[in-house]
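Data file: data_35.cif. Format and content: mmCIF, C-alpha atoms; chains and numbers go by the auth columns.
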```
data_work
#
loop_
_atom_site.group_PDB
_atom_site.id
_atom_site.type_symbol
_atom_site.label_atom_id
_atom_site.label_comp_id
_atom_site.label_asym_id
_atom_site.label_seq_id
_atom_site.Cartn_x
_atom_site.Cartn_y
_atom_site.Cartn_z
_atom_site.B_iso_or_equiv
_atom_site.auth_seq_id
_atom_site.auth_asym_id
ATOM 1 C CA MET A 1 0.000 0.000 0.000 0.00 1 A
ATOM 2 C CA ASP A 2 2.906 2.366 0.629 0.00 2 A
ATOM 3 C CA GLU A 3 3.661 2.329 -3.099 0.00 3 A
ATOM 4 C CA VAL A 4 0.058 3.337 -3.850 0.00 4 A
ATOM 5 C CA TRP A 5 0.146 6.310 -1.470 0.00 5 A
ATOM 6 C CA GLN A 6 3.499 7.370 -2.915 0.00 6 A
ATOM 7 C CA LYS A 7 2.135 7.329 -6.471 0.00 7 A
ATOM 8 C CA LEU A 8 -0.935 9.304 -5.420 0.00 8 A
ATOM 9 C CA SER A 9 1.352 11.956 -3.909 0.00 9 A
ATOM 10 C CA GLU A 10 3.613 12.396 -6.950 0.00 10 A
ATOM 11 C CA PRO A 11 3.855 15.951 -8.352 0.00 11 A
ATOM 12 C CA PHE A 12 1.751 16.668 -11.413 0.00 12 A
ATOM 13 C CA PRO A 13 3.309 17.523 -14.785 0.00 13 A
ATOM 14 C CA PRO A 14 3.688 21.346 -14.963 0.00 14 A
ATOM 15 C CA GLY A 15 1.184 21.526 -17.819 0.00 15 A
ATOM 16 C CA GLU A 16 -1.578 20.196 -15.538 0.00 16 A
ATOM 17 C CA VAL A 17 -1.003 22.806 -12.819 0.00 17 A
ATOM 18 C CA GLN A 18 -2.973 26.042 -13.107 0.00 18 A
ATOM 19 C CA TRP A 19 -2.783 29.336 -11.230 0.00 19 A
ATOM 20 C CA ARG A 20 -5.515 31.506 -9.773 0.00 20 A
ATOM 21 C CA ILE A 21 -5.471 35.042 -8.403 0.00 21 A
ATOM 22 C CA GLU A 22 -5.799 35.366 -4.655 0.00 22 A
ATOM 23 C CA ALA A 23 -5.202 39.113 -4.329 0.00 23 A
ATOM 24 C CA LEU A 24 -4.274 42.226 -6.313 0.00 24 A
ATOM 25 C CA SER A 25 -1.889 45.030 -5.395 0.00 25 A
ATOM 26 C CA ARG A 26 -3.313 48.484 -4.715 0.00 26 A
ATOM 27 C CA ASP A 27 -2.353 49.728 -8.183 0.00 27 A
ATOM 28 C CA LYS A 28 -3.889 46.583 -9.738 0.00 28 A
ATOM 29 C CA LYS A 29 -0.664 45.904 -11.653 0.00 29 A
ATOM 30 C CA ARG A 30 0.513 42.938 -9.593 0.00 30 A
ATOM 31 C CA ALA A 31 -1.344 39.758 -8.664 0.00 31 A
ATOM 32 C CA LEU A 32 -0.703 37.233 -5.909 0.00 32 A
ATOM 33 C CA VAL A 33 -1.288 33.812 -7.456 0.00 33 A
ATOM 34 C CA VAL A 34 -1.485 30.286 -6.046 0.00 34 A
ATOM 35 C CA PRO A 35 -1.177 26.931 -7.866 0.00 35 A
ATOM 36 C CA TYR A 36 -3.988 24.387 -8.121 0.00 36 A
ATOM 37 C CA VAL A 37 -5.269 21.479 -10.233 0.00 37 A
ATOM 38 C CA ASP A 38 -8.836 20.974 -11.397 0.00 38 A
ATOM 39 C CA ALA A 39 -11.096 18.114 -10.347 0.00 39 A
ATOM 40 C CA ARG A 40 -10.653 16.270 -13.644 0.00 40 A
ATOM 41 C CA THR A 41 -6.904 16.055 -13.035 0.00 41 A
ATOM 42 C CA VAL A 42 -7.567 14.556 -9.601 0.00 42 A
ATOM 43 C CA LEU A 43 -9.956 11.990 -11.117 0.00 43 A
ATOM 44 C CA ASP A 44 -7.331 11.033 -13.705 0.00 44 A
ATOM 45 C CA ARG A 45 -4.729 10.524 -10.950 0.00 45 A
ATOM 46 C CA LEU A 46 -7.059 8.244 -8.989 0.00 46 A
ATOM 47 C CA ASP A 47 -7.887 6.194 -12.096 0.00 47 A
ATOM 48 C CA ARG A 48 -4.229 5.907 -13.084 0.00 48 A
ATOM 49 C CA VAL A 49 -2.977 4.765 -9.692 0.00 49 A
ATOM 50 C CA VAL A 50 -5.726 2.472 -8.349 0.00 50 A
ATOM 51 C CA GLY A 51 -7.952 1.928 -11.388 0.00 51 A
ATOM 52 C CA PRO A 52 -11.554 3.118 -11.923 0.00 52 A
ATOM 53 C CA GLU A 53 -12.878 0.473 -9.531 0.00 53 A
ATOM 54 C CA GLY A 54 -10.296 1.137 -6.834 0.00 54 A
ATOM 55 C CA TRP A 55 -12.022 4.246 -5.489 0.00 55 A
ATOM 56 C CA GLN A 56 -15.510 5.577 -4.810 0.00 56 A
ATOM 57 C CA ASP A 57 -16.901 8.989 -3.893 0.00 57 A
ATOM 58 C CA ALA A 58 -20.118 10.131 -2.220 0.00 58 A
ATOM 59 C CA TYR A 59 -21.382 13.663 -1.593 0.00 59 A
ATOM 60 C CA GLU A 60 -23.732 15.472 0.776 0.00 60 A
ATOM 61 C CA VAL A 61 -24.920 19.062 0.326 0.00 61 A
ATOM 62 C CA LEU A 62 -24.559 20.739 3.729 0.00 62 A
ATOM 63 C CA ALA A 63 -25.714 24.268 2.885 0.00 63 A
ATOM 64 C CA ASP A 64 -26.956 26.335 -0.044 0.00 64 A
ATOM 65 C CA GLY A 65 -27.380 29.991 0.839 0.00 65 A
ATOM 66 C CA GLU A 66 -25.816 33.429 0.460 0.00 66 A
ATOM 67 C CA ARG A 67 -22.996 35.399 2.012 0.00 67 A
ATOM 68 C CA ALA A 68 -21.931 39.034 1.988 0.00 68 A
ATOM 69 C CA VAL A 69 -18.801 39.823 -0.029 0.00 69 A
ATOM 70 C CA ARG A 70 -16.877 43.107 -0.002 0.00 70 A
ATOM 71 C CA ASP A 71 -14.132 43.880 -2.528 0.00 71 A
ATOM 72 C CA GLU A 72 -13.028 46.609 -4.930 0.00 72 A
ATOM 73 C CA ARG A 73 -16.450 46.440 -6.585 0.00 73 A
ATOM 74 C CA GLY A 74 -18.207 47.176 -3.324 0.00 74 A
ATOM 75 C CA GLU A 75 -20.432 45.010 -1.158 0.00 75 A
ATOM 76 C CA ARG A 76 -22.730 42.400 -2.658 0.00 76 A
ATOM 77 C CA ARG A 77 -24.409 39.079 -1.976 0.00 77 A
ATOM 78 C CA GLU A 78 -23.271 35.871 -3.622 0.00 78 A
ATOM 79 C CA ARG A 79 -24.332 32.231 -3.479 0.00 79 A
ATOM 80 C CA LEU A 80 -22.424 29.931 -1.127 0.00 80 A
ATOM 81 C CA VAL A 81 -22.764 26.160 -1.402 0.00 81 A
ATOM 82 C CA GLU A 82 -21.078 23.756 1.034 0.00 82 A
ATOM 83 C CA VAL A 83 -20.627 20.088 0.116 0.00 83 A
ATOM 84 C CA LYS A 84 -19.043 17.183 1.990 0.00 84 A
ATOM 85 C CA CYS A 85 -17.127 14.577 -0.026 0.00 85 A
ATOM 86 C CA ARG A 86 -16.556 11.078 1.326 0.00 86 A
ATOM 87 C CA LEU A 87 -13.718 9.538 -0.706 0.00 87 A
ATOM 88 C CA THR A 88 -12.773 5.880 -0.398 0.00 88 A
ATOM 89 C CA VAL A 89 -9.542 4.583 -1.940 0.00 89 A
ATOM 90 C CA LEU A 90 -8.779 0.856 -1.686 0.00 90 A
ATOM 91 C CA GLY A 91 -11.011 0.530 1.346 0.00 91 A
ATOM 92 C CA VAL A 92 -9.633 3.582 3.177 0.00 92 A
ATOM 93 C CA THR A 93 -12.116 6.456 3.609 0.00 93 A
ATOM 94 C CA LYS A 94 -11.446 10.133 4.223 0.00 94 A
ATOM 95 C CA GLU A 95 -13.765 13.126 3.957 0.00 95 A
ATOM 96 C CA ASP A 96 -13.657 16.907 3.784 0.00 96 A
ATOM 97 C CA VAL A 97 -15.899 19.873 3.032 0.00 97 A
ATOM 98 C CA GLY A 98 -15.647 22.134 0.004 0.00 98 A
ATOM 99 C CA GLU A 99 -17.436 25.325 -0.958 0.00 99 A
ATOM 100 C CA GLY A 100 -18.202 27.355 -4.060 0.00 100 A
ATOM 101 C CA ASP A 101 -20.653 29.719 -5.723 0.00 101 A
ATOM 102 C CA SER A 102 -22.407 26.792 -7.453 0.00 102 A
ATOM 103 C CA LEU A 103 -23.062 23.113 -6.828 0.00 103 A
ATOM 104 C CA LYS A 104 -20.474 22.155 -9.439 0.00 104 A
ATOM 105 C CA ALA A 105 -17.781 24.350 -7.878 0.00 105 A
ATOM 106 C CA ALA A 106 -18.544 23.051 -4.374 0.00 106 A
ATOM 107 C CA PHE A 107 -18.509 19.401 -5.478 0.00 107 A
ATOM 108 C CA SER A 108 -15.143 19.908 -7.212 0.00 108 A
ATOM 109 C CA ASP A 109 -13.646 21.696 -4.214 0.00 109 A
ATOM 110 C CA ALA A 110 -14.841 18.986 -1.837 0.00 110 A
ATOM 111 C CA LEU A 111 -13.346 16.229 -4.006 0.00 111 A
ATOM 112 C CA LYS A 112 -9.986 17.978 -4.223 0.00 112 A
ATOM 113 C CA ARG A 113 -9.885 18.611 -0.469 0.00 113 A
ATOM 114 C CA ALA A 114 -10.692 14.977 0.308 0.00 114 A
ATOM 115 C CA ALA A 115 -8.107 13.764 -2.210 0.00 115 A
ATOM 116 C CA VAL A 116 -5.435 15.931 -0.564 0.00 116 A
ATOM 117 C CA LYS A 117 -5.829 13.743 2.531 0.00 117 A
ATOM 118 C CA PHE A 118 -4.595 10.845 0.373 0.00 118 A
ATOM 119 C CA GLY A 119 -1.658 12.980 -0.765 0.00 119 A
ATOM 120 C CA VAL A 120 -3.079 14.020 -4.163 0.00 120 A
ATOM 121 C CA GLY A 121 -1.745 17.507 -4.864 0.00 121 A
ATOM 122 C CA ARG A 122 -0.730 18.056 -1.244 0.00 122 A
ATOM 123 C CA TYR A 123 2.668 19.366 -2.293 0.00 123 A
ATOM 124 C CA LEU A 124 0.960 22.339 -3.969 0.00 124 A
ATOM 125 C CA TYR A 125 -0.029 23.676 -0.537 0.00 125 A
ATOM 126 C CA ARG A 126 3.642 23.796 0.414 0.00 126 A
ATOM 127 C CA LEU A 127 4.593 25.987 -2.555 0.00 127 A
ATOM 128 C CA GLU A 128 4.963 29.687 -1.897 0.00 128 A
ATOM 129 C CA LYS A 129 2.439 32.126 -3.294 0.00 129 A
ATOM 130 C CA GLN A 130 3.987 34.365 -5.939 0.00 130 A
ATOM 131 C CA TRP A 131 3.513 37.942 -7.108 0.00 131 A
ATOM 132 C CA VAL A 132 3.376 38.344 -10.889 0.00 132 A
ATOM 133 C CA ASP A 133 2.715 41.165 -13.361 0.00 133 A
ATOM 134 C CA TYR A 134 -0.991 41.693 -14.033 0.00 134 A
ATOM 135 C CA ASP A 135 -2.814 43.441 -16.894 0.00 135 A
ATOM 136 C CA PRO A 136 -5.990 44.942 -15.367 0.00 136 A
ATOM 137 C CA GLU A 137 -7.470 45.787 -18.766 0.00 137 A
ATOM 138 C CA LYS A 138 -7.210 42.252 -20.128 0.00 138 A
ATOM 139 C CA GLY A 139 -7.471 40.549 -16.749 0.00 139 A
ATOM 140 C CA ARG A 140 -4.431 38.418 -17.559 0.00 140 A
ATOM 141 C CA PHE A 141 -1.143 37.514 -15.931 0.00 141 A
ATOM 142 C CA THR A 142 1.898 35.472 -16.838 0.00 142 A
ATOM 143 C CA PRO A 143 1.888 32.210 -14.832 0.00 143 A
ATOM 144 C CA PRO A 144 5.093 31.674 -12.827 0.00 144 A
ATOM 145 C CA LYS A 145 7.256 28.615 -13.293 0.00 145 A
ATOM 146 C CA LEU A 146 6.980 25.737 -10.872 0.00 146 A
ATOM 147 C CA PRO A 147 10.088 24.645 -8.965 0.00 147 A
ATOM 148 C CA GLU A 148 12.119 22.037 -10.805 0.00 148 A
ATOM 149 C CA PRO A 149 11.316 18.513 -9.523 0.00 149 A
ATOM 150 C CA SER A 150 14.037 16.381 -8.013 0.00 150 A
ATOM 151 C CA PRO A 151 15.458 13.580 -10.215 0.00 151 A
ATOM 152 C CA GLY A 152 13.239 11.016 -8.472 0.00 152 A
ATOM 153 C CA GLU A 153 10.122 13.118 -8.934 0.00 153 A
ATOM 154 C CA GLU A 154 10.985 13.827 -12.559 0.00 154 A
ATOM 155 C CA GLU A 155 11.258 10.107 -13.252 0.00 155 A
ATOM 156 C CA GLY A 156 7.801 9.595 -11.778 0.00 156 A
ATOM 157 C CA LEU A 157 6.342 12.307 -14.013 0.00 157 A
ATOM 158 C CA GLU A 158 7.730 10.773 -17.180 0.00 158 A
ATOM 159 C CA GLU A 159 6.791 7.196 -16.333 0.00 159 A
ATOM 160 C CA GLU A 160 4.138 5.792 -18.645 0.00 160 A
ATOM 161 C CA LYS A 161 1.472 3.412 -17.469 0.00 161 A
ATOM 162 C CA PRO A 162 2.600 -0.202 -18.098 0.00 162 A
ATOM 163 C CA GLU A 163 0.676 -2.226 -20.662 0.00 163 A
ATOM 164 C CA ALA A 164 -0.438 -4.684 -17.953 0.00 164 A
ATOM 165 C CA TYR A 165 -2.047 -1.829 -16.003 0.00 165 A
ATOM 166 C CA ARG A 166 -3.901 -0.621 -19.094 0.00 166 A
ATOM 167 C CA LEU A 167 -5.221 -4.141 -19.718 0.00 167 A
ATOM 168 C CA ILE A 168 -6.435 -4.325 -16.123 0.00 168 A
ATOM 169 C CA ASP A 169 -8.170 -0.950 -16.529 0.00 169 A
ATOM 170 C CA GLN A 170 -9.952 -2.270 -19.623 0.00 170 A
ATOM 171 C CA LEU A 171 -11.080 -5.351 -17.705 0.00 171 A
ATOM 172 C CA LEU A 172 -12.378 -3.170 -14.884 0.00 172 A
ATOM 173 C CA GLU A 173 -14.404 -1.085 -17.323 0.00 173 A
ATOM 174 C CA ARG A 174 -15.980 -4.243 -18.794 0.00 174 A
ATOM 175 C CA LEU A 175 -16.748 -5.593 -15.324 0.00 175 A
ATOM 176 C CA LYS A 176 -18.342 -2.284 -14.395 0.00 176 A
ATOM 177 C CA GLU A 177 -20.550 -2.448 -17.493 0.00 177 A
ATOM 178 C CA LYS A 178 -21.699 -5.944 -16.440 0.00 178 A
ATOM 179 C CA GLY A 179 -22.568 -4.744 -12.944 0.00 179 A
ATOM 180 C CA LEU A 180 -19.597 -6.458 -11.325 0.00 180 A
ATOM 181 C CA GLY A 181 -17.823 -3.285 -10.211 0.00 181 A
ATOM 182 C CA LYS A 182 -18.067 -3.947 -6.467 0.00 182 A
ATOM 183 C CA GLU A 183 -16.742 -7.485 -6.790 0.00 183 A
ATOM 184 C CA ALA A 184 -13.848 -6.248 -8.938 0.00 184 A
ATOM 185 C CA ALA A 185 -13.056 -3.482 -6.439 0.00 185 A
ATOM 186 C CA LYS A 186 -12.727 -6.056 -3.637 0.00 186 A
ATOM 187 C CA ILE A 187 -10.176 -7.983 -5.708 0.00 187 A
ATOM 188 C CA VAL A 188 -8.198 -4.832 -6.538 0.00 188 A
ATOM 189 C CA THR A 189 -8.242 -3.788 -2.870 0.00 189 A
ATOM 190 C CA ARG A 190 -6.817 -7.161 -1.836 0.00 190 A
ATOM 191 C CA TYR A 191 -3.836 -6.578 -4.134 0.00 191 A
ATOM 192 C CA GLY A 192 -3.372 -2.965 -2.997 0.00 192 A
ATOM 193 C CA GLY A 193 -3.945 -1.613 -6.496 0.00 193 A
ATOM 194 C CA TYR A 194 -2.211 -3.248 -9.459 0.00 194 A
ATOM 195 C CA GLY A 195 -0.099 -5.523 -7.285 0.00 195 A
ATOM 196 C CA LYS A 196 3.356 -4.913 -5.840 0.00 196 A
ATOM 197 C CA THR A 197 5.194 -7.350 -8.131 0.00 197 A
ATOM 198 C CA PRO A 198 4.768 -8.526 -11.734 0.00 198 A
ATOM 199 C CA GLU A 199 3.602 -11.879 -10.365 0.00 199 A
ATOM 200 C CA GLU A 200 0.883 -10.227 -8.289 0.00 200 A
ATOM 201 C CA THR A 201 -0.188 -8.129 -11.268 0.00 201 A
ATOM 202 C CA LYS A 202 -0.490 -11.294 -13.339 0.00 202 A
ATOM 203 C CA ARG A 203 -2.572 -13.008 -10.669 0.00 203 A
ATOM 204 C CA LEU A 204 -4.789 -9.941 -10.348 0.00 204 A
ATOM 205 C CA TYR A 205 -5.392 -9.937 -14.087 0.00 205 A
ATOM 206 C CA GLY A 206 -6.244 -13.650 -13.972 0.00 206 A
ATOM 207 C CA GLU A 207 -8.780 -13.193 -11.155 0.00 207 A
ATOM 208 C CA LEU A 208 -10.469 -10.323 -12.955 0.00 208 A
ATOM 209 C CA ARG A 209 -10.634 -12.380 -16.157 0.00 209 A
ATOM 210 C CA ALA A 210 -12.181 -15.259 -14.248 0.00 210 A
ATOM 211 C CA LEU A 211 -14.768 -12.903 -12.718 0.00 211 A
ATOM 212 C CA LEU A 212 -15.638 -11.572 -16.164 0.00 212 A
ATOM 213 C CA LYS A 213 -16.096 -15.067 -17.594 0.00 213 A
ATOM 214 C CA GLY A 214 -18.243 -16.054 -14.640 0.00 214 A
#
```
Once you've parsed the file, please lay out its structure as structure tokens.
Amino acid sequence: MDEVWQKLSEPFPPGEVQWRIEALSRDKKRALVVPYVDARTVLDRLDRVVGPEGWQDAYEVLADGERAVRDERGERRERLVEVKCRLTVLGVTKEDVGEGDSLKAAFSDALKRAAVKFGVGRYLYRLEKQWVDYDPEKGRFTPPKLPEPSPGEEEGLEEEKPEAYRLIDQLLERLKEKGLGKEAAKIVTRYGGYGKTPEETKRLYGELRALLKG
């Protein structure tokens, strides 16, 4: 399982990391930006590491109301939605609460916050916020560069998914279509993902094939 948690925690390729504005300078010519990844990137990481059947998510809407906001445009009311995400990865469950100005935004925030507890994107919170030049007329800024990864991290970023893992993913999709997703997930959980050795991966594939054939 340690290998699974390590793979979940790997840094994302720079092209998948985005930046959002957290604050503007008084003259509106500088912006304080922070890095983040979107929910789809988190979903892709979960699928890649533990397979589509290796994790499950459930949500609960806690609140859907309004809050007062005061900024350079003055004071106004805006929608505030709070959602709790319960994320289970290989039988381990963690949960957190996200918020946003829509259901979609709140669901995405909750998923990302819960995934951070499994290490997904946690390193981004340790990166320093950065001031960059900002064009107030166009509302644009030049994204800063991320710190260079260490040799070990760089190797993890460039590593492609082995063919055996892709075949297992295909099997899991077929099992899900036949309504055998829960049974497949139990098998994957027993192996801690794709298996820790080539022999375990082969046995996992064989068990999933046997389940598919009935």
**OP:** Name the residues that the PyMOL selection byres ((chain A and resi 7-11) around 6) picks from the file above, as a ChimeraX atom specification, using the file's chain letters and numbers.
**Re:** /A:4-6,12,119-120
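Interatomic distance, CA of Ala210 (chain A) against CA of Glu3 (chain A): 26.2 Å.
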Subject >> Residues matched by the PyMOL selection byres ((chain A and resi 90) around 8), written as a ChimeraX atom specification >> reply: /A:50,54-55,88-89,91-92,185,188-189,192-193
**OP:** Just the residues within 10 Å of region 97-108 of chain A, please, counting all atoms listed in the file, with nothing from its chain fewer than 2 positions along; format it as a PyMOL selection string.
**Re:** chain A and resi 38-40+42+58-67+78-86+95+110-114
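Here CA of Arg77 (chain A) is placed at a distance of 19.2 Å from CA of Glu22 (chain A).
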Original post:
Using only C-alpha atoms, which residue out of A:Gly74, A:Pro52, A:Pro14, A:Gly214 lies closest to Lys182 (chain A)?
Top reply: A:Pro52
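Note that CA of Glu53 (chain A) and CA of Lys186 (chain A) are 8.8 Å apart.
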Given 8 Å on each side, where is the centre and what are the edge lengths in Å to one decimal of the axis-aligned box enclosing the listed atoms of region 175-181 of chain A, as AutoDock Vina command-line options?
```
--center_x -19.7 --center_y -4.4 --center_z -13.9 --size_x 21.8 --size_y 20.2 --size_z 23.3
```
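Distance annotation: of A:Arg26, A:Lys94, A:Arg140, A:Lys213, the residue with the minimal separation from Leu175 (chain A) is A:Lys213; atom set is all atoms listed in the file.
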**OP:** Dump as a PyMOL selection string all residues having an atom at most 10 Å from (7.1, 39.2, -9.5), computed in the file's coordinates with only C-alpha atoms.
**Re:** chain A and resi 30-32+130-134+142+144
Go ahead and dump the residues you just picked, C-alpha atoms, as a PDB file, in the frame of the given file.
```
ATOM      1  CA  ARG A  30       0.513  42.938  -9.593  1.00  0.00           C
ATOM      2  CA  ALA A  31      -1.344  39.758  -8.664  1.00  0.00           C
ATOM      3  CA  LEU A  32      -0.703  37.233  -5.909  1.00  0.00           C
ATOM      4  CA  GLN A 130       3.987  34.365  -5.939  1.00  0.00           C
ATOM      5  CA  TRP A 131       3.513  37.942  -7.108  1.00  0.00           C
ATOM      6  CA  VAL A 132       3.376  38.344 -10.889  1.00  0.00           C
ATOM      7  CA  ASP A 133       2.715  41.165 -13.361  1.00  0.00           C
ATOM      8  CA  TYR A 134      -0.991  41.693 -14.033  1.00  0.00           C
ATOM      9  CA  THR A 142       1.898  35.472 -16.838  1.00  0.00           C
ATOM     10  CA  PRO A 144       5.093  31.674 -12.827  1.00  0.00           C
TER      11      PRO A 144
END
```
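With distances restricted to only C-alpha atoms, A:Phe141 is the closest residue to Arg20 (chain A) from A:Gln56, A:Phe141, A:Thr93, A:Asp2.
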